[in-house]
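These notes concern the structure reproduced below.
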Amino acid sequence: MRILVTGGAGFIGSHLCERLLDEGHDVVCLDNYFTGRKENVAHLLDNYKFEMIRHDVTLPIFLEVDQIYNFACPASPVHYQYNPVKTVKTSVMGAINMLGMAKRVNARILQASTSEVYGDPLVHPQTEDYFGNVNPIGLRSCYDEGKRVAETLFMDYHRQNNVDTRIVRIFNTYGPRMMQNDGRVVSNFIVQALKGEDLTVYGTGEQTRSFCYVDDLVEGIISLMNTEAEDIHLPVNLGNPGEFTMNELAQEVAQAVGKNISIAKMPLPTDDPKQRQPNISRAKQLLDWSPTVPLKDGLKKTVDYFSQQIGN
Ligand code: NAD
Ligand code: UDP
């Protein structure tokens with residue numbers, strides 16, 4: 001198949017491009033390089049089945065493909081809040097442009113949605129039928145509401161135009177090829193620990209997240225794209241249900257780096273969700289999928305990557 005990956009030069013997108021090429025597909029990677037890097041896909045350039053296009057998903061583009069993975073969107077709060085209006089445009093106009101392409105060429109299309117659609121959740125762990133608790137006017141809403149509208153568009157293009165859609169709600173994912181200045185907690189802690197700096201714990205550090213290693217996630221995403229079922233168009237959570245406080249994560253990172261660490265407490269960002277854990281029953285039942293990489297092992301691999309990057 002010929003497969004388009006928007007945001008393909010980003011963290012998750014680059015792993016996805018690599019896996020799809022390994023499976024023998026032609027892969028078109030589309031990116032505006034806002035938070036992505038050519039370096040993430042440089043090792044794929046020798047492969048004649050791989051193409052790169054510098055393009056912004058907020059603008060229309062006409063390509064002929066069989067499948068579309070729509071991953072273009074900054075994912076770290078630091079980056080999606082840098083230009084919030086652009087973040088909304090990327091999610092909303094990006095979804096419209098990519099759904100329009102899917103409709104025109106009859107391609108199957110998968111949207112990278114997020115656990116952020118649950119906001120600061122009052123239901124725990126989060127199941128797909130929970131409508132969420134999102135602040136529509138806060139600093140995180142450009143991302144949260146943008147992704148929620150993208151989901152709406154995916155469901156409406158499916159119901160109205162019969163586009164063959166998939167929606168994955170991705171929970172916190174980590175691994176090699178995150179940027180050193182990504183701003184998300186796993187990369188921050190690892191880079192800080194490797195440089196011998198204090199680990200910046202926001203708030204009390206008792207808020208929780210559940211961290212999925214990128215290889216597990218990519219496995220689940222490809223499986224969702226290629227599974228057929230009556231209710232397959234409805235969202236599917238993908239993530240690792242292992243739940244950790246940020247204080248616990250700091251200790252795990254210390255062990256993975258093999259250094260003593262010290263903590264610097266910093267203010268908690270506004271609307272920071274207090275707890276997050278995926279219920280993955282639907283993914284298990286539909287895709288026979290569950291994550292296999294424990295946090296300790298995934299952190300080791302991520303530490304190895306950042307050590308090389310930093311030159312430790
Ligand atoms: P990332 O920032 O590394 O990748 C996003 C990519 O999209 C980058 O390469 C960036 O340059 C590109 N991009 C941004 N705006 C664009 C635009 N307007 N046009 C074209 N390209 C654009 O982030 P990631 O962690 O790889 O996330 C990928 C996708 O997965 C995002 O849609 C994100 O919302 C979603 N997601 C990620 C996580 C996670 O924990 N990593 C969790 C939930 C959802
Ligand atoms: N966080 C932290 N220190 C950091 C970066 C983040 O304590 O240097 C916290 C942040 O407040 C949040 C959690 O870690 O509670 C996860 O943050 P991240 O930005 O990685 O993801 P998200 O909040 O979008 O789930």
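Naming scheme: A, B, ... for chains in displayed order of the structure tokens; residues 1 onward per chain; ligands 1 onward as shown.
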
### Query
Using only C-alpha atoms and all ligand atoms, which protein or nucleic acid residues are at most 6 Å from ligand 1, as number ranges by chain?
A: 7-13, 31-36, 55-58, 71-75, 90, 112-114, 170-173

Can I get the selected residues back with N, CA and C atoms, as a PDB file, in the first residue's frame?
```pdb
ATOM      1  N   GLY A   7       2.869  14.408  10.208  1.00  0.00           N
ATOM      2  CA  GLY A   7       3.640  14.458  11.451  1.00  0.00           C
ATOM      3  C   GLY A   7       4.661  13.332  11.499  1.00  0.00           C
ATOM      4  N   GLY A   8       5.032  12.849  10.316  1.00  0.00           N
ATOM      5  CA  GLY A   8       5.903  11.664  10.214  1.00  0.00           C
ATOM      6  C   GLY A   8       7.327  11.894  10.666  1.00  0.00           C
ATOM      7  N   ALA A   9       7.754  13.164  10.779  1.00  0.00           N
ATOM      8  CA  ALA A   9       9.125  13.431  11.255  1.00  0.00           C
ATOM      9  C   ALA A   9       9.149  13.681  12.762  1.00  0.00           C
ATOM     10  N   GLY A  10       7.999  13.494  13.413  1.00  0.00           N
ATOM     11  CA  GLY A  10       7.933  13.675  14.867  1.00  0.00           C
ATOM     12  C   GLY A  10       8.314  12.399  15.602  1.00  0.00           C
ATOM     13  N   PHE A  11       8.107  12.433  16.902  1.00  0.00           N
ATOM     14  CA  PHE A  11       8.504  11.309  17.759  1.00  0.00           C
ATOM     15  C   PHE A  11       7.755  10.031  17.358  1.00  0.00           C
ATOM     16  N   ILE A  12       6.448   9.992  17.530  1.00  0.00           N
ATOM     17  CA  ILE A  12       5.703   8.758  17.222  1.00  0.00           C
ATOM     18  C   ILE A  12       5.668   8.518  15.709  1.00  0.00           C
ATOM     19  N   GLY A  13       5.461   9.597  14.929  1.00  0.00           N
ATOM     20  CA  GLY A  13       5.343   9.462  13.479  1.00  0.00           C
ATOM     21  C   GLY A  13       6.566   8.800  12.855  1.00  0.00           C
ATOM     22  N   ASP A  31       5.396  16.694   6.827  1.00  0.00           N
ATOM     23  CA  ASP A  31       5.672  17.389   8.095  1.00  0.00           C
ATOM     24  C   ASP A  31       6.059  18.848   7.817  1.00  0.00           C
ATOM     25  N   ASN A  32       5.741  19.736   8.760  1.00  0.00           N
ATOM     26  CA  ASN A  32       6.197  21.132   8.632  1.00  0.00           C
ATOM     27  C   ASN A  32       7.406  21.407   9.539  1.00  0.00           C
ATOM     28  N   TYR A  33       7.875  20.362  10.228  1.00  0.00           N
ATOM     29  CA  TYR A  33       9.078  20.429  11.082  1.00  0.00           C
ATOM     30  C   TYR A  33       8.951  21.420  12.236  1.00  0.00           C
ATOM     31  N   PHE A  34       7.731  21.610  12.732  1.00  0.00           N
ATOM     32  CA  PHE A  34       7.579  22.487  13.902  1.00  0.00           C
ATOM     33  C   PHE A  34       8.215  21.822  15.126  1.00  0.00           C
ATOM     34  N   THR A  35       7.780  20.617  15.439  1.00  0.00           N
ATOM     35  CA  THR A  35       8.415  19.882  16.539  1.00  0.00           C
ATOM     36  C   THR A  35       9.090  18.602  16.044  1.00  0.00           C
ATOM     37  N   GLY A  36       9.047  18.369  14.742  1.00  0.00           N
ATOM     38  CA  GLY A  36       9.699  17.188  14.184  1.00  0.00           C
ATOM     39  C   GLY A  36      11.052  17.554  13.596  1.00  0.00           C
ATOM     40  N   HIS A  55       5.248  20.229   4.278  1.00  0.00           N
ATOM     41  CA  HIS A  55       3.907  20.789   4.045  1.00  0.00           C
ATOM     42  C   HIS A  55       3.216  20.988   5.385  1.00  0.00           C
ATOM     43  N   ASP A  56       2.292  21.936   5.411  1.00  0.00           N
ATOM     44  CA  ASP A  56       1.524  22.209   6.618  1.00  0.00           C
ATOM     45  C   ASP A  56       0.117  21.661   6.432  1.00  0.00           C
ATOM     46  N   VAL A  57      -0.350  20.839   7.369  1.00  0.00           N
ATOM     47  CA  VAL A  57      -1.672  20.197   7.175  1.00  0.00           C
ATOM     48  C   VAL A  57      -2.832  21.183   7.219  1.00  0.00           C
ATOM     49  N   THR A  58      -2.586  22.415   7.654  1.00  0.00           N
ATOM     50  CA  THR A  58      -3.682  23.391   7.634  1.00  0.00           C
ATOM     51  C   THR A  58      -3.999  23.829   6.199  1.00  0.00           C
ATOM     52  N   PHE A  71      -1.104  12.318  12.192  1.00  0.00           N
ATOM     53  CA  PHE A  71      -0.390  12.529  13.459  1.00  0.00           C
ATOM     54  C   PHE A  71       0.157  13.940  13.616  1.00  0.00           C
ATOM     55  N   ALA A  72      -0.039  14.812  12.616  1.00  0.00           N
ATOM     56  CA  ALA A  72       0.532  16.158  12.693  1.00  0.00           C
ATOM     57  C   ALA A  72      -0.152  16.959  13.791  1.00  0.00           C
ATOM     58  N   CYS A  73       0.593  17.375  14.777  1.00  0.00           N
ATOM     59  CA  CYS A  73       0.121  18.237  15.873  1.00  0.00           C
ATOM     60  C   CYS A  73       1.181  18.217  16.972  1.00  0.00           C
ATOM     61  N   PRO A  74       1.601  19.379  17.444  1.00  0.00           N
ATOM     62  CA  PRO A  74       2.531  19.344  18.582  1.00  0.00           C
ATOM     63  C   PRO A  74       1.834  18.696  19.774  1.00  0.00           C
ATOM     64  N   ALA A  75       2.574  17.876  20.536  1.00  0.00           N
ATOM     65  CA  ALA A  75       1.936  17.093  21.597  1.00  0.00           C
ATOM     66  C   ALA A  75       2.340  17.534  22.996  1.00  0.00           C
ATOM     67  N   THR A  90      -4.262  23.404  13.362  1.00  0.00           N
ATOM     68  CA  THR A  90      -3.616  22.151  12.957  1.00  0.00           C
ATOM     69  C   THR A  90      -4.560  20.975  13.179  1.00  0.00           C
ATOM     70  N   ALA A 112      -4.821  10.466  15.242  1.00  0.00           N
ATOM     71  CA  ALA A 112      -4.148  10.409  16.543  1.00  0.00           C
ATOM     72  C   ALA A 112      -4.888  11.347  17.483  1.00  0.00           C
ATOM     73  N   SER A 113      -5.781  10.776  18.293  1.00  0.00           N
ATOM     74  CA  SER A 113      -6.418  11.572  19.336  1.00  0.00           C
ATOM     75  C   SER A 113      -5.646  11.341  20.637  1.00  0.00           C
ATOM     76  N   THR A 114      -6.216  11.716  21.735  1.00  0.00           N
ATOM     77  CA  THR A 114      -5.426  11.769  22.958  1.00  0.00           C
ATOM     78  C   THR A 114      -6.269  11.536  24.203  1.00  0.00           C
ATOM     79  N   ILE A 170      -4.526   8.195  22.418  1.00  0.00           N
ATOM     80  CA  ILE A 170      -3.193   7.805  22.882  1.00  0.00           C
ATOM     81  C   ILE A 170      -2.953   8.372  24.276  1.00  0.00           C
ATOM     82  N   PHE A 171      -2.500   7.518  25.197  1.00  0.00           N
ATOM     83  CA  PHE A 171      -2.087   7.968  26.531  1.00  0.00           C
ATOM     84  C   PHE A 171      -0.574   8.196  26.517  1.00  0.00           C
ATOM     85  N   ASN A 172      -0.079   8.900  27.513  1.00  0.00           N
ATOM     86  CA  ASN A 172       1.338   9.337  27.548  1.00  0.00           C
ATOM     87  C   ASN A 172       2.287   8.260  27.034  1.00  0.00           C
ATOM     88  N   THR A 173       2.998   8.618  25.981  1.00  0.00           N
ATOM     89  CA  THR A 173       3.917   7.687  25.321  1.00  0.00           C
ATOM     90  C   THR A 173       5.320   8.289  25.322  1.00  0.00           C
TER      91      THR A 173
END
```

Please, which residues in chain A fall within 7 Å of ligand 2 when counting only C-alpha atoms and all ligand atoms, and what is the closest atom pair and distance in Å to one decimal for each, ordered by chain then residue number, as JSON lines?
```
{"residue": "A:Ser76", "atom": "CA", "partner": "ligand 2", "partner_atom_place_in_ligand_line": "19 (O)", "distance": 5.7}
{"residue": "A:Pro77", "atom": "CA", "partner": "ligand 2", "partner_atom_place_in_ligand_line": "19 (O)", "distance": 5.6}
{"residue": "A:Asn172", "atom": "CA", "partner": "ligand 2", "partner_atom_place_in_ligand_line": "25 (O)", "distance": 5.9}
{"residue": "A:Gly183", "atom": "CA", "partner": "ligand 2", "partner_atom_place_in_ligand_line": "5 (C)", "distance": 6.0}
{"residue": "A:Arg184", "atom": "CA", "partner": "ligand 2", "partner_atom_place_in_ligand_line": "20 (O)", "distance": 3.4}
{"residue": "A:Val185", "atom": "CA", "partner": "ligand 2", "partner_atom_place_in_ligand_line": "5 (C)", "distance": 3.7}
{"residue": "A:Val186", "atom": "CA", "partner": "ligand 2", "partner_atom_place_in_ligand_line": "20 (O)", "distance": 6.3}
{"residue": "A:Asn188", "atom": "CA", "partner": "ligand 2", "partner_atom_place_in_ligand_line": "8 (O)", "distance": 5.1}
{"residue": "A:Phe189", "atom": "CA", "partner": "ligand 2", "partner_atom_place_in_ligand_line": "8 (O)", "distance": 6.3}
{"residue": "A:Leu199", "atom": "CA", "partner": "ligand 2", "partner_atom_place_in_ligand_line": "8 (O)", "distance": 6.9}
{"residue": "A:Thr200", "atom": "CA", "partner": "ligand 2", "partner_atom_place_in_ligand_line": "8 (O)", "distance": 4.6}
{"residue": "A:Val201", "atom": "CA", "partner": "ligand 2", "partner_atom_place_in_ligand_line": "7 (O)", "distance": 3.6}
{"residue": "A:Tyr202", "atom": "CA", "partner": "ligand 2", "partner_atom_place_in_ligand_line": "7 (O)", "distance": 3.8}
{"residue": "A:Gly203", "atom": "CA", "partner": "ligand 2", "partner_atom_place_in_ligand_line": "11 (O)", "distance": 6.9}
{"residue": "A:Gly205", "atom": "CA", "partner": "ligand 2", "partner_atom_place_in_ligand_line": "7 (O)", "distance": 6.0}
{"residue": "A:Gln207", "atom": "CA", "partner": "ligand 2", "partner_atom_place_in_ligand_line": "15 (O)", "distance": 5.6}
{"residue": "A:Thr208", "atom": "CA", "partner": "ligand 2", "partner_atom_place_in_ligand_line": "15 (O)", "distance": 6.7}
{"residue": "A:Arg209", "atom": "CA", "partner": "ligand 2", "partner_atom_place_in_ligand_line": "16 (C)", "distance": 6.4}
{"residue": "A:Met246", "atom": "CA", "partner": "ligand 2", "partner_atom_place_in_ligand_line": "7 (O)", "distance": 5.7}
{"residue": "A:Leu268", "atom": "CA", "partner": "ligand 2", "partner_atom_place_in_ligand_line": "11 (O)", "distance": 5.6}
{"residue": "A:Pro269", "atom": "CA", "partner": "ligand 2", "partner_atom_place_in_ligand_line": "11 (O)", "distance": 5.9}
{"residue": "A:Asp272", "atom": "CA", "partner": "ligand 2", "partner_atom_place_in_ligand_line": "15 (O)", "distance": 5.6}
{"residue": "A:Pro273", "atom": "CA", "partner": "ligand 2", "partner_atom_place_in_ligand_line": "15 (O)", "distance": 6.4}
{"residue": "A:Lys274", "atom": "CA", "partner": "ligand 2", "partner_atom_place_in_ligand_line": "15 (O)", "distance": 6.9}
```

Can I get the selection written as a short mmCIF file (atom, residue, chain, number, x, y, z; two decimals), in the first residue's frame, with N, CA, C and O atoms?
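Ended up saving to part.cif:
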```cif
data_model
loop_
_atom_site.label_atom_id
_atom_site.label_comp_id
_atom_site.auth_asym_id
_atom_site.auth_seq_id
_atom_site.Cartn_x
_atom_site.Cartn_y
_atom_site.Cartn_z
N SER A 76 3.44 18.25 23.11
CA SER A 76 3.90 18.66 24.43
C SER A 76 3.24 20.00 24.80
O SER A 76 3.19 20.92 23.96
N PRO A 77 2.74 20.13 26.05
CA PRO A 77 2.10 21.39 26.44
C PRO A 77 2.96 22.62 26.12
O PRO A 77 2.45 23.64 25.63
N ASN A 172 -0.08 8.90 27.51
CA ASN A 172 1.34 9.34 27.55
C ASN A 172 2.29 8.26 27.03
O ASN A 172 2.36 7.17 27.60
N GLY A 183 9.90 18.98 26.57
CA GLY A 183 9.13 19.59 27.66
C GLY A 183 8.24 18.61 28.40
O GLY A 183 7.71 18.93 29.45
N ARG A 184 8.06 17.39 27.84
CA ARG A 184 7.24 16.41 28.56
C ARG A 184 8.08 15.74 29.63
O ARG A 184 9.31 15.79 29.61
N VAL A 185 7.38 15.09 30.57
CA VAL A 185 8.04 14.74 31.81
C VAL A 185 9.16 13.70 31.64
O VAL A 185 10.22 13.83 32.26
N VAL A 186 8.94 12.69 30.82
CA VAL A 186 9.95 11.62 30.74
C VAL A 186 11.25 12.16 30.15
O VAL A 186 12.34 11.95 30.72
N ASN A 188 12.19 15.33 29.99
CA ASN A 188 12.76 16.31 30.94
C ASN A 188 13.57 15.61 32.03
O ASN A 188 14.73 15.96 32.27
N PHE A 189 12.95 14.63 32.70
CA PHE A 189 13.63 13.96 33.83
C PHE A 189 14.92 13.27 33.36
O PHE A 189 15.95 13.35 34.02
N LEU A 199 15.81 17.41 39.08
CA LEU A 199 14.62 17.01 38.32
C LEU A 199 13.47 17.95 38.69
O LEU A 199 13.16 18.11 39.88
N THR A 200 12.87 18.55 37.69
CA THR A 200 11.81 19.54 37.94
C THR A 200 10.47 18.84 38.12
O THR A 200 9.83 18.43 37.16
N VAL A 201 10.06 18.68 39.37
CA VAL A 201 8.75 18.07 39.67
C VAL A 201 7.74 19.20 39.86
O VAL A 201 7.95 20.07 40.70
N TYR A 202 6.68 19.17 39.07
CA TYR A 202 5.67 20.23 39.14
C TYR A 202 4.63 19.89 40.20
O TYR A 202 4.13 18.75 40.25
N GLY A 203 4.29 20.87 41.02
CA GLY A 203 3.29 20.67 42.08
C GLY A 203 3.83 19.73 43.15
O GLY A 203 5.04 19.68 43.40
N GLY A 205 3.86 16.56 42.91
CA GLY A 205 4.42 15.36 42.28
C GLY A 205 3.56 14.13 42.54
O GLY A 205 3.92 13.02 42.19
N GLN A 207 0.48 13.85 41.33
CA GLN A 207 -0.39 13.58 40.18
C GLN A 207 0.13 12.35 39.44
O GLN A 207 1.34 12.06 39.51
N THR A 208 -0.76 11.63 38.77
CA THR A 208 -0.33 10.38 38.14
C THR A 208 -0.47 10.43 36.61
O THR A 208 -1.28 11.17 36.07
N ARG A 209 0.36 9.61 35.97
CA ARG A 209 0.25 9.36 34.53
C ARG A 209 0.60 7.87 34.32
O ARG A 209 1.24 7.25 35.17
N MET A 246 4.44 11.37 39.71
CA MET A 246 5.66 11.97 39.15
C MET A 246 6.84 11.78 40.10
O MET A 246 7.99 11.66 39.65
N LEU A 268 2.75 23.95 39.74
CA LEU A 268 1.94 23.06 38.89
C LEU A 268 1.29 23.88 37.78
O LEU A 268 0.65 24.89 38.06
N PRO A 269 1.45 23.46 36.51
CA PRO A 269 0.79 24.20 35.43
C PRO A 269 -0.74 24.20 35.60
O PRO A 269 -1.29 23.27 36.19
N ASP A 272 -3.57 21.11 35.07
CA ASP A 272 -2.80 19.86 34.96
C ASP A 272 -3.66 18.71 35.51
O ASP A 272 -4.06 18.75 36.68
N PRO A 273 -3.98 17.70 34.70
CA PRO A 273 -4.83 16.61 35.20
C PRO A 273 -4.21 15.90 36.42
O PRO A 273 -3.00 15.67 36.44
N LYS A 274 -5.05 15.57 37.39
CA LYS A 274 -4.55 14.99 38.64
C LYS A 274 -4.23 13.50 38.49
O LYS A 274 -3.35 12.99 39.16
#
```

### Query
So how far away is CA of Leu4 (chain A) from CA of Asn70 (chain A), in Å?
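So the two atoms, CA of Asn70 (chain A) and CA of Leu4 (chain A), lie 8.1 Å apart.
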
### Task
With a distance cut-off of 9 Å and only C-alpha atoms, select the neighbouring residues of Gly298 (chain A), excluding the residue or stretch itself and same-chain residues fewer than 2 positions from it, and output the selection as JSON, numbers by chain.
{"A": [174, 175, 212, 213, 214, 293, 294, 295, 296, 300, 301, 302, 303]}

Write a file of the selected residues as a short mmCIF file (atom, residue, chain, number, x, y, z; two decimals), in the first residue's frame, keeping C-alpha atoms.
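Here's the written file result_15.cif:
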```cif
data_model
loop_
_atom_site.label_atom_id
_atom_site.label_comp_id
_atom_site.auth_asym_id
_atom_site.auth_seq_id
_atom_site.Cartn_x
_atom_site.Cartn_y
_atom_site.Cartn_z
CA TYR A 174 7.70 7.92 25.58
CA GLY A 175 10.83 6.57 23.93
CA CYS A 212 3.51 3.52 27.28
CA TYR A 213 6.71 2.63 25.40
CA VAL A 214 6.53 3.79 21.78
CA VAL A 293 7.37 -3.25 27.71
CA PRO A 294 7.55 -2.48 31.45
CA LEU A 295 8.46 1.10 32.46
CA LYS A 296 11.92 0.01 33.72
CA LYS A 300 16.54 2.08 29.94
CA LYS A 301 16.16 2.23 26.15
CA THR A 302 15.19 5.90 26.32
CA VAL A 303 18.14 6.70 28.60
#
```

Please report as CSV every residue of region 274-309 of chain A lying within 10 Å of region 125-149 of chain A, along with the nearest atom pair and their distance in Å (one decimal), using only C-alpha atoms.
```
residue,atom,partner,partner_atom,distance
A:Gln275,CA,A:Pro125,CA,8.6
A:Arg276,CA,A:Pro125,CA,6.7
A:Gln277,CA,A:Pro125,CA,4.9
A:Pro278,CA,A:Gln126,CA,5.2
A:Asn279,CA,A:Thr127,CA,5.3
A:Ile280,CA,A:Thr127,CA,7.6
A:Ser281,CA,A:Thr127,CA,8.4
A:Arg282,CA,A:Glu128,CA,8.1
```

Dump of N, CA, C and O atoms for the selected residues, as a short mmCIF file (atom, residue, chain, number, x, y, z; two decimals), in the first residue's frame:
```cif
data_model
loop_
_atom_site.label_atom_id
_atom_site.label_comp_id
_atom_site.auth_asym_id
_atom_site.auth_seq_id
_atom_site.Cartn_x
_atom_site.Cartn_y
_atom_site.Cartn_z
N GLN A 275 -4.96 12.83 37.64
CA GLN A 275 -4.75 11.39 37.52
C GLN A 275 -5.10 10.94 36.10
O GLN A 275 -5.94 11.55 35.44
N ARG A 276 -4.42 9.90 35.67
CA ARG A 276 -4.72 9.40 34.32
C ARG A 276 -4.27 7.94 34.22
O ARG A 276 -3.13 7.61 34.55
N GLN A 277 -5.19 7.10 33.81
CA GLN A 277 -4.87 5.69 33.56
C GLN A 277 -5.84 5.13 32.54
O GLN A 277 -7.05 5.29 32.71
N PRO A 278 -5.34 4.51 31.49
CA PRO A 278 -6.27 3.99 30.48
C PRO A 278 -6.93 2.68 30.92
O PRO A 278 -6.27 1.81 31.47
N ASN A 279 -8.21 2.57 30.62
CA ASN A 279 -8.84 1.26 30.63
C ASN A 279 -8.68 0.74 29.20
O ASN A 279 -9.16 1.38 28.25
N ILE A 280 -7.98 -0.39 29.02
CA ILE A 280 -7.68 -0.85 27.65
C ILE A 280 -8.48 -2.11 27.27
O ILE A 280 -8.10 -2.84 26.36
N SER A 281 -9.60 -2.33 27.97
CA SER A 281 -10.42 -3.53 27.66
C SER A 281 -10.83 -3.56 26.20
O SER A 281 -10.83 -4.62 25.56
N ARG A 282 -11.20 -2.37 25.66
CA ARG A 282 -11.68 -2.34 24.27
C ARG A 282 -10.56 -2.73 23.30
O ARG A 282 -10.78 -3.49 22.36
#
```

### Query
Restricting the calculation to only C-alpha atoms, which member of A:Ser223, A:Thr6, A:Asn260, A:Asn181 is positioned closest to Ile68 (chain A)?
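Smallest separation from Ile68 (chain A) among the options: A:Thr6.
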
### Task
Output as a ChimeraX atom specification all residues of region 21-180 of chain A that backbone DSSP marks as helix (DSSP H, G or I).
/A:21-22,38-44,77-80,84-105,115-118,141-161

### Task
Kindly indicate which residue among A:Thr165, A:Ser91, A:Ser187, A:Gln192 lies nearest to Lys259 (chain A), using only C-alpha atoms for the distances.
A:Gln192
